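See below for data_12.cif, which holds mmCIF, C-alpha atoms.
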data_input
loop_
_atom_site.group_PDB
_atom_site.id
_atom_site.type_symbol
_atom_site.label_atom_id
_atom_site.label_comp_id
_atom_site.auth_asym_id
_atom_site.auth_seq_id
_atom_site.Cartn_x
_atom_site.Cartn_y
_atom_site.Cartn_z
ATOM 1 C CA MET Z 1 12.979 -145.623 58.088
ATOM 2 C CA GLY Z 2 14.369 -144.878 61.549
ATOM 3 C CA GLN Z 3 15.859 -141.620 60.262
ATOM 4 C CA LEU Z 4 12.642 -140.599 58.534
ATOM 5 C CA ALA Z 5 10.563 -141.224 61.657
ATOM 6 C CA ASN Z 6 11.958 -137.939 63.032
ATOM 7 C CA GLY Z 7 10.857 -135.906 60.018
ATOM 8 C CA PRO Z 8 11.817 -135.323 56.362
ATOM 9 C CA ALA Z 9 15.483 -135.736 55.483
ATOM 10 C CA ARG Z 10 17.727 -134.927 52.545
ATOM 11 C CA PHE Z 11 18.538 -137.830 50.227
ATOM 12 C CA THR Z 12 22.278 -137.334 50.782
ATOM 13 C CA ASP Z 13 21.825 -137.494 54.587
ATOM 14 C CA ILE Z 14 19.809 -140.690 54.340
ATOM 15 C CA ALA Z 15 22.428 -142.352 52.146
ATOM 16 C CA LYS Z 16 25.435 -141.230 54.260
ATOM 17 C CA PRO Z 17 25.329 -143.906 57.043
ATOM 18 C CA PHE Z 18 25.021 -146.767 54.551
ATOM 19 C CA ASP Z 19 28.143 -148.409 53.281
ATOM 20 C CA THR Z 20 26.609 -149.071 49.870
ATOM 21 C CA ALA Z 21 26.489 -147.368 46.502
ATOM 22 C CA LEU Z 22 24.074 -144.439 46.124
ATOM 23 C CA ASN Z 23 22.412 -146.469 43.404
ATOM 24 C CA SER Z 24 21.219 -149.141 45.798
ATOM 25 C CA VAL Z 25 19.922 -146.543 48.281
ATOM 26 C CA THR Z 26 17.972 -144.973 45.391
ATOM 27 C CA LYS Z 27 16.607 -148.413 44.501
ATOM 28 C CA HIS Z 28 15.417 -148.997 48.110
ATOM 29 C CA LEU Z 29 13.784 -145.591 48.248
ATOM 30 C CA LYS Z 30 12.009 -146.191 44.929
ATOM 31 C CA LEU Z 31 10.553 -149.422 46.335
ATOM 32 C CA LEU Z 32 9.337 -147.603 49.448
ATOM 33 C CA GLU Z 33 7.910 -144.839 47.285
ATOM 34 C CA ARG Z 34 6.047 -147.355 45.145
ATOM 35 C CA ALA Z 35 4.580 -148.884 48.327
ATOM 36 C CA GLY Z 36 3.385 -145.412 49.319
ATOM 37 C CA LEU Z 37 5.590 -145.350 52.419
ATOM 38 C CA VAL Z 38 7.813 -142.421 51.472
ATOM 39 C CA GLU Z 39 7.329 -139.254 49.470
ATOM 40 C CA ARG Z 40 9.923 -137.309 47.448
ATOM 41 C CA GLN Z 41 9.943 -133.552 47.079
ATOM 42 C CA LYS Z 42 12.408 -131.465 45.118
ATOM 43 C CA GLN Z 43 13.592 -128.344 46.887
ATOM 44 C CA GLY Z 44 16.045 -126.530 44.662
ATOM 45 C CA ARG Z 45 18.961 -128.880 44.174
ATOM 46 C CA GLU Z 46 18.054 -131.064 47.144
ATOM 47 C CA VAL Z 47 15.639 -133.971 47.250
ATOM 48 C CA LEU Z 48 13.692 -134.217 50.509
ATOM 49 C CA ILE Z 49 12.331 -137.603 51.523
ATOM 50 C CA SER Z 50 9.506 -137.898 54.029
ATOM 51 C CA PHE Z 51 7.850 -140.879 55.698
ATOM 52 C CA ARG Z 52 4.144 -141.609 55.139
ATOM 53 C CA GLY Z 53 2.737 -143.717 57.965
ATOM 54 C CA GLU Z 54 -0.835 -144.088 56.768
ATOM 55 C CA PRO Z 55 -0.470 -147.378 54.803
ATOM 56 C CA LEU Z 56 1.257 -148.997 57.810
ATOM 57 C CA ARG Z 57 -1.355 -147.639 60.202
ATOM 58 C CA GLU Z 58 -4.087 -149.291 58.126
ATOM 59 C CA VAL Z 59 -2.358 -152.671 58.312
ATOM 60 C CA ALA Z 60 -1.623 -152.320 62.030
ATOM 61 C CA GLY Z 61 -5.259 -151.537 62.716
ATOM 62 C CA TRP Z 62 -6.033 -155.131 61.847
ATOM 63 C CA MET Z 63 -3.587 -156.523 64.365
ATOM 64 C CA HIS Z 64 -5.280 -157.898 67.446
ATOM 65 C CA GLU Z 65 -3.494 -157.497 70.767
ATOM 66 C CA TYR Z 66 -3.332 -161.296 71.048
ATOM 67 C CA GLU Z 67 -1.701 -161.514 67.622
ATOM 68 C CA ARG Z 68 1.071 -159.293 68.907
ATOM 69 C CA PHE Z 69 1.250 -161.202 72.199
ATOM 70 C CA TRP Z 70 1.504 -164.674 70.651
ATOM 71 C CA ASN Z 71 4.021 -163.487 68.061
ATOM 72 C CA GLU Z 72 6.286 -162.111 70.791
ATOM 73 C CA ARG Z 73 5.935 -165.296 72.866
ATOM 74 C CA LEU Z 74 6.696 -167.600 69.945
ATOM 75 C CA ASP Z 75 9.661 -165.473 68.841
ATOM 76 C CA GLN Z 76 11.199 -165.924 72.300
ATOM 77 C CA PHE Z 77 10.325 -169.613 72.362
ATOM 78 C CA GLU Z 78 12.007 -170.105 68.972
ATOM 79 C CA GLN Z 79 15.070 -168.157 70.167
ATOM 80 C CA HIS Z 80 15.341 -170.401 73.241
ATOM 81 C CA PHE Z 81 15.773 -173.448 71.009
ATOM 82 C CA GLN Z 82 18.188 -171.629 68.689
ATOM 83 C CA LYS Z 83 20.402 -170.693 71.661
ATOM 84 C CA LYS Z 84 20.174 -174.235 72.992
ATOM 85 C CA LYS Z 85 21.269 -175.683 69.629
ATOM 86 C CA GLN Z 86 24.095 -173.149 69.411
ATOM 87 C CA LYS Z 87 25.368 -174.132 72.875
ATOM 88 C CA GLU Z 88 25.247 -177.820 71.928
ATOM 89 C CA LYS Z 89 27.316 -177.101 68.795
ATOM 90 C CA GLU Z 90 29.927 -175.173 70.781
ATOM 91 C CA ARG Z 91 30.483 -178.080 73.176
ATOM 92 C CA MET H 92 -33.028 -164.625 70.814
ATOM 93 C CA SER H 93 -29.764 -162.650 70.793
ATOM 94 C CA GLU H 94 -27.563 -162.596 67.678
ATOM 95 C CA PRO H 95 -24.349 -164.634 67.832
ATOM 96 C CA LYS H 96 -21.388 -162.395 68.692
ATOM 97 C CA LYS H 97 -18.802 -161.763 65.987
ATOM 98 C CA THR H 98 -15.472 -163.374 66.849
ATOM 99 C CA ILE H 99 -12.042 -163.403 65.274
ATOM 100 C CA GLU H 100 -9.135 -165.828 65.148
ATOM 101 C CA VAL H 101 -5.410 -165.242 65.547
ATOM 102 C CA ARG H 102 -3.005 -167.700 63.927
ATOM 103 C CA VAL H 103 0.755 -167.798 64.499
ATOM 104 C CA GLU H 104 3.277 -170.310 63.117
ATOM 105 C CA ARG H 105 6.951 -170.981 63.844
ATOM 106 C CA THR H 106 9.420 -173.680 62.856
ATOM 107 C CA ILE H 107 11.338 -174.782 65.940
ATOM 108 C CA HIS H 108 14.696 -176.506 65.614
ATOM 109 C CA ALA H 109 13.936 -179.418 67.948
ATOM 110 C CA PRO H 110 11.854 -182.630 67.927
ATOM 111 C CA ALA H 111 8.112 -182.351 68.630
ATOM 112 C CA ASP H 112 8.150 -184.066 72.047
ATOM 113 C CA GLU H 113 10.848 -181.669 73.292
ATOM 114 C CA VAL H 114 8.926 -178.649 71.983
ATOM 115 C CA PHE H 115 5.654 -179.946 73.457
ATOM 116 C CA ASP H 116 7.229 -180.394 76.920
ATOM 117 C CA ALA H 117 8.932 -176.985 76.754
ATOM 118 C CA TRP H 118 5.628 -175.261 75.955
ATOM 119 C CA LEU H 119 4.206 -176.513 79.250
ATOM 120 C CA ASP H 120 7.307 -175.822 81.361
ATOM 121 C CA PRO H 121 7.121 -172.388 83.090
ATOM 122 C CA LYS H 122 10.945 -172.296 83.279
ATOM 123 C CA ILE H 123 11.299 -172.098 79.477
ATOM 124 C CA PRO H 124 11.363 -168.558 77.993
ATOM 125 C CA GLY H 125 8.775 -167.873 75.332
ATOM 126 C CA ASN H 126 5.807 -169.840 76.607
ATOM 127 C CA PRO H 127 3.126 -167.698 78.276
ATOM 128 C CA TRP H 128 3.584 -169.279 81.721
ATOM 129 C CA ASN H 129 7.208 -168.105 81.891
ATOM 130 C CA ILE H 130 6.291 -164.435 82.344
ATOM 131 C CA ALA H 131 3.595 -164.955 84.988
ATOM 132 C CA GLU H 132 3.561 -162.854 88.155
ATOM 133 C CA LYS H 133 1.553 -165.653 89.734
ATOM 134 C CA LEU H 134 0.812 -169.010 88.189
ATOM 135 C CA LEU H 135 -1.239 -172.062 89.041
ATOM 136 C CA LEU H 136 -0.885 -174.605 86.239
ATOM 137 C CA ASN H 137 -2.292 -178.100 86.000
ATOM 138 C CA PRO H 138 -1.670 -179.198 82.383
ATOM 139 C CA LYS H 139 -3.885 -182.258 82.043
ATOM 140 C CA ILE H 140 -7.390 -182.737 80.646
ATOM 141 C CA ASP H 141 -9.831 -180.745 82.799
ATOM 142 C CA GLY H 142 -6.890 -179.212 84.687
ATOM 143 C CA PHE H 143 -7.111 -175.450 85.288
ATOM 144 C CA PHE H 144 -4.669 -172.579 85.073
ATOM 145 C CA TYR H 145 -4.613 -169.187 86.744
ATOM 146 C CA TRP H 146 -2.141 -166.779 85.161
ATOM 147 C CA LEU H 147 -1.559 -163.270 86.437
ATOM 148 C CA ILE H 148 0.285 -160.832 84.202
ATOM 149 C CA GLN H 149 0.608 -157.069 84.773
ATOM 150 C CA GLY H 150 -2.187 -157.331 87.324
ATOM 151 C CA ASN H 151 -4.555 -158.975 84.786
ATOM 152 C CA ALA H 152 -5.924 -162.390 85.712
ATOM 153 C CA HIS H 153 -6.387 -165.069 83.043
ATOM 154 C CA TYR H 154 -8.141 -168.379 83.563
ATOM 155 C CA GLY H 155 -8.510 -171.522 81.505
ATOM 156 C CA ARG H 156 -9.178 -175.252 81.399
ATOM 157 C CA PHE H 157 -7.196 -177.812 79.394
ATOM 158 C CA THR H 158 -9.526 -179.618 77.003
ATOM 159 C CA GLU H 159 -7.083 -181.618 74.841
ATOM 160 C CA MET H 160 -3.657 -182.979 75.643
ATOM 161 C CA GLU H 161 -2.102 -185.319 73.088
ATOM 162 C CA ARG H 162 1.677 -185.505 73.521
ATOM 163 C CA PRO H 163 3.518 -184.661 71.296
ATOM 164 C CA GLY H 164 0.977 -183.367 68.759
ATOM 165 C CA ARG H 165 -1.670 -181.132 70.314
ATOM 166 C CA ILE H 166 -2.682 -179.006 73.292
ATOM 167 C CA GLN H 167 -5.983 -177.174 73.620
ATOM 168 C CA HIS H 168 -7.270 -175.033 76.453
ATOM 169 C CA THR H 169 -9.827 -172.338 77.050
ATOM 170 C CA TRP H 170 -8.708 -168.787 77.769
ATOM 171 C CA MET H 171 -10.606 -166.060 79.604
ATOM 172 C CA SER H 172 -9.357 -162.601 80.379
ATOM 173 C CA ARG H 173 -10.433 -158.969 80.444
ATOM 174 C CA SER H 174 -9.629 -158.840 76.716
ATOM 175 C CA THR H 175 -12.081 -161.663 75.974
ATOM 176 C CA SER H 176 -14.822 -159.668 77.755
ATOM 177 C CA GLY H 177 -15.399 -162.588 80.110
ATOM 178 C CA GLU H 178 -16.162 -164.919 77.165
ATOM 179 C CA GLU H 179 -14.380 -168.258 76.790
ATOM 180 C CA SER H 180 -11.927 -168.231 73.876
ATOM 181 C CA THR H 181 -9.886 -171.253 72.771
ATOM 182 C CA VAL H 182 -6.137 -171.711 72.294
ATOM 183 C CA THR H 183 -5.052 -174.691 70.183
ATOM 184 C CA VAL H 184 -1.371 -175.481 69.752
ATOM 185 C CA THR H 185 -0.213 -178.189 67.349
ATOM 186 C CA PHE H 186 3.281 -179.613 66.891
ATOM 187 C CA GLN H 187 3.985 -181.198 63.517
ATOM 188 C CA LYS H 188 7.186 -183.051 62.637
ATOM 189 C CA LYS H 189 9.000 -181.346 59.790
ATOM 190 C CA GLY H 190 12.219 -183.258 59.124
ATOM 191 C CA GLU H 191 14.361 -182.692 62.208
ATOM 192 C CA ASP H 192 12.316 -179.625 63.129
ATOM 193 C CA THR H 193 8.798 -179.014 64.428
ATOM 194 C CA LEU H 194 6.188 -176.813 62.835
ATOM 195 C CA MET H 195 4.359 -175.182 65.721
ATOM 196 C CA THR H 196 0.958 -173.619 64.994
ATOM 197 C CA LEU H 197 -0.982 -171.642 67.575
ATOM 198 C CA VAL H 198 -4.588 -170.686 66.883
ATOM 199 C CA HIS H 199 -6.426 -168.435 69.326
ATOM 200 C CA SER H 200 -10.091 -168.524 68.298
ATOM 201 C CA GLY H 201 -13.350 -167.164 69.627
ATOM 202 C CA LEU H 202 -11.868 -163.744 70.446
ATOM 203 C CA PRO H 203 -14.526 -161.030 70.623
ATOM 204 C CA ASP H 204 -14.211 -158.619 67.726
ATOM 205 C CA THR H 205 -14.611 -155.458 69.736
ATOM 206 C CA ASP H 206 -12.742 -152.151 69.733
ATOM 207 C CA GLY H 207 -11.462 -152.992 73.211
ATOM 208 C CA GLY H 208 -10.150 -156.299 71.976
ATOM 209 C CA ARG H 209 -8.146 -154.737 69.199
ATOM 210 C CA GLY H 210 -4.824 -153.241 70.062
ATOM 211 C CA HIS H 211 -4.385 -150.514 67.459
ATOM 212 C CA ASP H 212 -1.625 -148.674 69.275
ATOM 213 C CA LYS H 213 0.208 -151.771 70.414
ATOM 214 C CA GLY H 214 -0.055 -153.297 66.956
ATOM 215 C CA TRP H 215 1.150 -150.103 65.386
ATOM 216 C CA ASN H 216 4.260 -149.969 67.608
ATOM 217 C CA PHE H 217 5.036 -153.617 67.066
ATOM 218 C CA PHE H 218 4.675 -153.359 63.320
ATOM 219 C CA LEU H 219 6.800 -150.264 63.055
ATOM 220 C CA ASP H 220 9.493 -151.710 65.322
ATOM 221 C CA SER H 221 9.872 -154.843 63.249
ATOM 222 C CA PHE H 222 9.631 -152.886 60.027
ATOM 223 C CA THR H 223 12.387 -150.512 61.144
ATOM 224 C CA LYS H 224 14.603 -153.407 62.206
ATOM 225 C CA GLN H 225 14.316 -154.925 58.719
ATOM 226 C CA PHE H 226 15.794 -151.812 57.207
ATOM 227 C CA SER H 227 18.469 -151.233 59.827
ATOM 228 C CA GLN H 228 20.020 -154.666 59.240
#
What is this structure when it is put down as structure tokens?
Amino acid sequence: MGQLANGPARFTDIAKPFDTALNSVTKHLKLLERAGLVERQKQGREVLISFRGEPLREVAGWMHEYERFWNERLDQFEQHFQKKKQKEKER
Amino acid sequence: MSEPKKTIEVRVERTIHAPADEVFDAWLDPKIPGNPWNIAEKLLLNPKIDGFFYWLIQGNAHYGRFTEMERPGRIQHTWMSRSTSGEESTVTVTFQKKGEDTLMTLVHSGLPDTDGGRGHDKGWNFFLDSFTKQFSQ
């Protein structure tokens, strides 16, 4: 998704950085396509994949600024206890 | 007679790997990362029933009064800020024993449902960030 945020990319370029079979990259992309988050276009022999932000934008529109705030706070709070537990284990 | 204002509620849950009394105390200790008090630019905090807090963050003042304090199960206080349009909202935090862990639930209710209160852009960034992280792992 990070790669697609900068614009459409070729399927082969998307798959390159991943250390997995092309099949599993195809599977991931199909899931994203089904969710309406990416679009495929054939250009000659190449397949171009582009990101569609609209479905995410709709969901994000429902997020209140306090929802974001409390989620960030509680994530950090949870992490504090995880680190504490980890330190206790290492002793 | 004016119509009652439409309000919304935000609910967040986390399972914390520690007993409830420890989590309860940490939530009220400004030295512990993750609770709101920890990131204050200026803080006056009196966590007892009818005790007040003043919390300044990024130049925005927040005020509140503690209305419930039941260690280790429940904390409730009011919350007023620019984002609540001067109205009193309510923050309720509960700590429930879950085996050796604690289920922490935070409910922020009575928030005005206004365009100003909704953070479209912020929410959008947050959502995309976490979404991207999921796929980069």
For this session: For CA of Phe11 (chain Z) and CA of Ile49 (chain Z), determine how far apart the two atoms are, in Å to one decimal place.
Result: 6.3 Å
Exercise. Hey, what comes out of the PyMOL selection byres ((chain Z and resi 38) around 7) on this file? Could you write it as a PyMOL selection string?
Worked result: chain Z and resi 32-33+36-37+39-40+49-52
Problem set entry | Separation of CA of Met195 (chain H) from CA of Ser174 (chain H) in Å |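 According to the coordinates, CA of Ser174 (chain H) and CA of Met195 (chain H) are separated by 24.2 Å.
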Exercise. Mind telling me what the PyMOL selection byres ((chain Z and resi 68-79) around 7) catches here, as a list in words?
Worked result: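 Applying the PyMOL selection byres ((chain Z and resi 68-79) around 7) to the structure shown produces His64, Glu65, Tyr66, Glu67, His80, Phe81, Gln82 and Lys83 of chain Z; Val103, Arg105, Ile107, Pro124, Gly125, Asn126, Pro127 and Gly214 of chain H.
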Output C-alpha atoms for every residue in that selection, as a PDB file, in the frame of the given file.
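Generated output (result.pdb):
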ATOM      1  CA  HIS Z  64      -5.280-157.898  67.446  1.00  0.00           C
ATOM      2  CA  GLU Z  65      -3.494-157.497  70.767  1.00  0.00           C
ATOM      3  CA  TYR Z  66      -3.332-161.296  71.048  1.00  0.00           C
ATOM      4  CA  GLU Z  67      -1.701-161.514  67.622  1.00  0.00           C
ATOM      5  CA  HIS Z  80      15.341-170.401  73.241  1.00  0.00           C
ATOM      6  CA  PHE Z  81      15.773-173.448  71.009  1.00  0.00           C
ATOM      7  CA  GLN Z  82      18.188-171.629  68.689  1.00  0.00           C
ATOM      8  CA  LYS Z  83      20.402-170.693  71.661  1.00  0.00           C
TER       9      LYS Z  83
ATOM     10  CA  VAL H 103       0.755-167.798  64.499  1.00  0.00           C
ATOM     11  CA  ARG H 105       6.951-170.981  63.844  1.00  0.00           C
ATOM     12  CA  ILE H 107      11.338-174.782  65.940  1.00  0.00           C
ATOM     13  CA  PRO H 124      11.363-168.558  77.993  1.00  0.00           C
ATOM     14  CA  GLY H 125       8.775-167.873  75.332  1.00  0.00           C
ATOM     15  CA  ASN H 126       5.807-169.840  76.607  1.00  0.00           C
ATOM     16  CA  PRO H 127       3.126-167.698  78.276  1.00  0.00           C
ATOM     17  CA  GLY H 214      -0.055-153.297  66.956  1.00  0.00           C
TER      18      GLY H 214
END
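With only C-alpha atoms taken into account, every residue lying no more than 10 Å from the file point (-4.0, -178.8, 82.4) is included here: Leu119, Leu135, Leu136, Asn137, Pro138, Lys139, Ile140, Asp141, Gly142, Phe143, Phe144, Gly155, Arg156, Phe157, Thr158, Glu159, Met160, Ile166, Gln167 and His168 of chain H.
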For this session: Tell me which of Z:Phe18, Z:Leu31, Z:Pro8, Z:Gln86 sits closest to Glu46 (chain Z), counting all atoms listed in the file.
Result: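 So, comparing all the options, the nearest one is Z:Pro8.
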I'd like the residues picked by the PyMOL selection byres ((chain H and resi 153) around 12) written out as a compact mmCIF listing (two decimals) with C-alpha atoms, keeping the file's coordinate frame, using the chain letters and numbers from the file.
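Wrote it out as selection_9.txt, contents follow:
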# COMPACT_ATOMS: atom_id res chain seq x y z
CA PRO H 127 3.13 -167.70 78.28
CA TRP H 128 3.58 -169.28 81.72
CA ALA H 131 3.60 -164.96 84.99
CA GLU H 132 3.56 -162.85 88.16
CA LYS H 133 1.55 -165.65 89.73
CA LEU H 134 0.81 -169.01 88.19
CA LEU H 135 -1.24 -172.06 89.04
CA LEU H 136 -0.88 -174.60 86.24
CA PHE H 143 -7.11 -175.45 85.29
CA PHE H 144 -4.67 -172.58 85.07
CA TYR H 145 -4.61 -169.19 86.74
CA TRP H 146 -2.14 -166.78 85.16
CA LEU H 147 -1.56 -163.27 86.44
CA ILE H 148 0.28 -160.83 84.20
CA GLN H 149 0.61 -157.07 84.77
CA GLY H 150 -2.19 -157.33 87.32
CA ASN H 151 -4.56 -158.98 84.79
CA ALA H 152 -5.92 -162.39 85.71
CA TYR H 154 -8.14 -168.38 83.56
CA GLY H 155 -8.51 -171.52 81.50
CA ARG H 156 -9.18 -175.25 81.40
CA HIS H 168 -7.27 -175.03 76.45
CA THR H 169 -9.83 -172.34 77.05
CA TRP H 170 -8.71 -168.79 77.77
CA MET H 171 -10.61 -166.06 79.60
CA SER H 172 -9.36 -162.60 80.38
CA ARG H 173 -10.43 -158.97 80.44
CA SER H 174 -9.63 -158.84 76.72
CA THR H 175 -12.08 -161.66 75.97
CA SER H 176 -14.82 -159.67 77.76
CA GLY H 177 -15.40 -162.59 80.11
CA GLU H 178 -16.16 -164.92 77.17
CA GLU H 179 -14.38 -168.26 76.79
CA SER H 180 -11.93 -168.23 73.88
Exercise. What is the CA of Glu104 (chain H)-CA of Arg34 (chain Z) distance in Å, reported with one decimal?
Worked result: 29.3 Å
For this session: Rank nothing, just name the residue among Z:Lys87, Z:Met63, Z:Gly7, Z:Gly44 nearest to chain H, using only C-alpha atoms.
Result: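 Closest candidate: Z:Met63.
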Exercise. Hey, what's within 9 Å of Arg102 (chain H) if we count all atoms listed in the file and toss same-chain stuff fewer than 6 positions away? As number ranges by chain, please?
Worked result: Z: 67, 70; H: 196-200
Print the selection's residues with C-alpha atoms to a file, as an mmCIF file, in the frame of the given file.
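The resulting file, again.cif, is reproduced below:
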data_model
loop_
_atom_site.group_PDB
_atom_site.id
_atom_site.type_symbol
_atom_site.label_atom_id
_atom_site.label_comp_id
_atom_site.auth_asym_id
_atom_site.auth_seq_id
_atom_site.Cartn_x
_atom_site.Cartn_y
_atom_site.Cartn_z
ATOM 1 C CA GLU Z 67 -1.701 -161.514 67.622
ATOM 2 C CA TRP Z 70 1.504 -164.674 70.651
ATOM 3 C CA THR H 196 0.958 -173.619 64.994
ATOM 4 C CA LEU H 197 -0.982 -171.642 67.575
ATOM 5 C CA VAL H 198 -4.588 -170.686 66.883
ATOM 6 C CA HIS H 199 -6.426 -168.435 69.326
ATOM 7 C CA SER H 200 -10.091 -168.524 68.298
#
Seminar exercise, completed: Counting only C-alpha atoms, closest pick from Z:Arg10, Z:Lys85, Z:Lys16, Z:Glu90 relative to chain H is Z:Lys85
Exercise. Pick the closest to chain H from Z:Lys27, Z:Arg45, Z:Lys89, Z:Lys84: which is it, counting all atoms listed in the file?
Worked result: Z:Lys84
For this session: Would you mind listing what lies within 10 Å of Gln187 (chain H) as number ranges by chain, with all atoms listed in the file counted and same-chain residues fewer than 6 positions away left out?
Result: H: 106, 110-112, 163-165, 193-196
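Using all atoms listed in the file, the shortest contact distance between chain Z and any of H:His108, H:Lys122, H:Lys189, H:Arg162 is found at H:His108.
Using only C-alpha atoms, the smallest distance between any of Z:Ala21, Z:Leu29, Z:Val47, Z:Ala9 and chain H comes from Z:Leu29.
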